[in-house]
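Scroll down for the structure; my scribbles are underneath it.
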Amino acid sequence: MKLNSKYQLILSTAIILVTLFIPLINVHAASSDLITIDGNFNDWKNVKKQRITAPNQPDDINHSVREVAMITDANYVYIYIDTQKDRYDKNMYDAGYSNVLPGDYHLKIGDKDIGFHMPAYNREMNNTLTDKQILTGDVLLGAWPGYQDPVIGQAAVRHYKKNIAVDNILELRLSKVAIEKSGIKFPQHSKLVFYNPQFLGGAVTISDSGAPTGPWILAGIGMMVALFGLKRYQDNNKGQERVK
Amino acid sequence: MLSKIIIIIVILAWLYLLSVLKRAKTAAFYFITGAAGLFLIIILLSKPYGIWLISTMITWVVGVLGHITGLFNTFYMSHVIQVVTKNSTNIFLVDFECSGIIESAAYIGLIAFYPVYTLQQRLKFGVIGLVTIFGANVLRLTFVAIVIYYFGSQAFYLAHSILGRLIFYVIIITLYYLVFTKAQLLRRNKVEHV
């Protein structure tokens, strides 16, 4: 079945115009955010969590183990901290280690280090929050409060209480765009290290990479191969004409 | 809206140029103009929905393989592949240049204006080619993830930039050869035998 050039043009025009207007239709694409900052932690279940003890609190003595995780997508860096994982699970008194520290959080992006803090949280939160209560707040640039710190993310903490045990689970996200607006370059792909020297005895590191196929080279190769094939085709046709 | 109007004007100019080249019977120029133009139009129109869709599909399929092997997992709505090793967490994002959409658009452009085949053949080879490109990309990303799982993040460069690309390039260039060249060589041999 061969179409003449007139119908080919009509068909091409129709396809292109229909395709062109598809993006203009008011389509609400599903959210592609990896984690929703809402104080529910189901979306963290497949993210690897690292066990990190509180500074100077050996695991075998005090069980002050925090579970920490970090992951990133195209727009955000997400961080999760369960402040008192083991003590809460074992129904042990938290001894003050379950509070979410308001500041001195750091993210190393490649070789650059940015600090951030969350003024919504403080050492009194264990006394003021009730079981399963969620407290949300902004994440601000700067390891500790300064003057007119820009907002670079959002956070949510869910508080847990049972008998004498207390726990707080924090999730936050840092906006790559907001960090860039603050004048700090956020490379598309980089090694990320999260740490807090007062709160965590270790750091969480992830390597964020892209995996491009080298597409432009392949597209060029495709064009050359096709042109070679076309040349052959034209040679064949000449040959066939000669045979006839 | 202005950018849409510009795109429409460019498309109309491209169609007019095609009609001129068709009437002038300049097969090679017609092919190059048609293929390159359609490629650019597809790329322009694929943002953001087409790229999102293909990236989601590819991450989902890679995630199924990760689930079966138990070596890595994916968050397909965010196009994230996560490989967790003993010492590190490695994330890679399936974005515009990783999704295979550029190769797919180039292939569609080439096959749509390749004058050798009938419309039915173009459709058939078009579908075969798109499935092959998609499959090759799934294979490449799965391979990179498995290598990182077993050899750690220090193997990323070797797995991705050399071995993964090598696998992908071999499959895609074989596809190009079979679709665009081999058929012509076989036909030529037939003609010579006649």
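Numbering starts fresh at 1 for the residues of each chain in the structure tokens, the chains themselves are lettered A, B, ... in the order given, and ligands are numbered from 1 as they appear.
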
* When the cut-off is 6 Å and we count only C-alpha atoms, which residues of chain B are near chain A, given as a list in words? -> Met77, Ser78, Thr89, Asn90, Ile91, Phe92, Leu93, Glu97, Cys98, Ile102, Glu103, Ala106, Thr118, Phe180, Thr181, Gln184 and Arg188 of chain B

List the spatial neighbours of region 162-172 of chain B as a compact mmCIF listing (two decimals) with N, CA, C and O atoms, in the first residue's frame - criterion: any atom at most 7 Å away, only C-alpha atoms, same-chain residues fewer than 6 positions off excluded.
```txt
# COMPACT_ATOMS: atom_id res chain seq x y z
N THR A 213 22.42 7.80 27.64
CA THR A 213 22.80 6.75 26.69
C THR A 213 23.83 7.23 25.68
O THR A 213 24.35 6.43 24.92
N ILE B 133 14.57 -0.46 20.95
CA ILE B 133 15.26 0.63 21.67
C ILE B 133 14.86 0.62 23.15
O ILE B 133 15.71 0.73 24.04
N ALA B 136 16.50 -2.40 24.79
CA ALA B 136 17.95 -2.19 24.94
C ALA B 136 18.25 -1.27 26.11
O ALA B 136 19.20 -1.48 26.86
N ASN B 137 17.41 -0.26 26.28
CA ASN B 137 17.63 0.68 27.39
C ASN B 137 17.34 0.01 28.73
O ASN B 137 18.05 0.24 29.72
N ARG B 140 20.31 -2.09 29.45
CA ARG B 140 21.45 -1.25 29.84
C ARG B 140 21.33 -0.80 31.30
O ARG B 140 22.28 -0.95 32.09
N PHE B 143 21.69 -3.69 33.70
CA PHE B 143 23.10 -4.10 33.76
C PHE B 143 23.90 -3.16 34.68
O PHE B 143 24.65 -3.61 35.54
N VAL B 144 23.70 -1.85 34.50
CA VAL B 144 24.43 -0.87 35.32
C VAL B 144 24.09 -1.07 36.80
O VAL B 144 24.98 -1.10 37.67
```

* Hey, can you check how far CA of Ala120 (chain A) sits from CA of Ile81 (chain A)? ->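 Going from CA of Ala120 (chain A) over to CA of Ile81 (chain A) covers 15.7 Å.
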
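If you look at CA of Phe113 (chain B) and CA of Phe134 (chain B), they are 21.2 Å away from each other.
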
* Structure fact -> Students should find that CA of Gly39 (chain A) and CA of Val157 (chain A) are spaced 5.8 Å

* Can you list every residue in region 76-165 of chain A that DSSP puts in strand (DSSP E or B), as a PyMOL selection string? -> chain A and resi 76-82+105-109+112-117+134-141+151-162+165

* Near-Arg66 (chain A) list (8 Å; only C-alpha atoms; drop same-chain fewer than 2 positions) as number ranges by chain -> A: 51-54, 64, 68, 81-86, 200

* **Near-Gly66 (chain B) list (12 Å; only C-alpha atoms; drop same-chain fewer than 4 positions) as a PyMOL selection string** => chain B and resi 59-62+70-76+81-84+138-139+141-146+149

Please produce a file of those selected residues containing C-alpha atoms, as a PDB file, in the first residue's frame.
```pdb
ATOM      1  CA  THR B  59      11.811   2.825  35.321  1.00  0.00           C
ATOM      2  CA  TRP B  60       8.814   0.612  36.016  1.00  0.00           C
ATOM      3  CA  VAL B  61      10.077  -2.219  33.798  1.00  0.00           C
ATOM      4  CA  VAL B  62      13.593  -1.926  35.264  1.00  0.00           C
ATOM      5  CA  GLY B  70      16.152  -8.662  44.463  1.00  0.00           C
ATOM      6  CA  LEU B  71      19.239  -6.581  43.748  1.00  0.00           C
ATOM      7  CA  PHE B  72      17.818  -3.068  43.491  1.00  0.00           C
ATOM      8  CA  ASN B  73      14.570  -1.160  43.575  1.00  0.00           C
ATOM      9  CA  THR B  74      13.008   1.742  41.748  1.00  0.00           C
ATOM     10  CA  PHE B  75      10.552   4.560  42.384  1.00  0.00           C
ATOM     11  CA  TYR B  76       9.005   4.653  38.955  1.00  0.00           C
ATOM     12  CA  ILE B  81      16.705   3.689  40.530  1.00  0.00           C
ATOM     13  CA  GLN B  82      18.166   2.883  43.949  1.00  0.00           C
ATOM     14  CA  VAL B  83      20.991   0.416  44.376  1.00  0.00           C
ATOM     15  CA  VAL B  84      21.896  -0.271  47.971  1.00  0.00           C
ATOM     16  CA  VAL B 138      16.007  -1.584  29.997  1.00  0.00           C
ATOM     17  CA  LEU B 139      18.868  -4.042  29.534  1.00  0.00           C
ATOM     18  CA  LEU B 141      19.995   0.252  33.026  1.00  0.00           C
ATOM     19  CA  THR B 142      19.515  -3.184  34.604  1.00  0.00           C
ATOM     20  CA  PHE B 143      23.097  -4.097  33.761  1.00  0.00           C
ATOM     21  CA  VAL B 144      24.433  -0.871  35.324  1.00  0.00           C
ATOM     22  CA  ALA B 145      22.372  -1.430  38.484  1.00  0.00           C
ATOM     23  CA  ILE B 146      23.533  -5.049  38.832  1.00  0.00           C
ATOM     24  CA  TYR B 149      25.222  -3.866  43.353  1.00  0.00           C
TER      25      TYR B 149
END
```

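The nearest approach to Ala112 (chain B) among the residues B:Tyr150, B:His67, B:Met57, B:Ala36, with only C-alpha atoms taken into account, belongs to B:Ala36.
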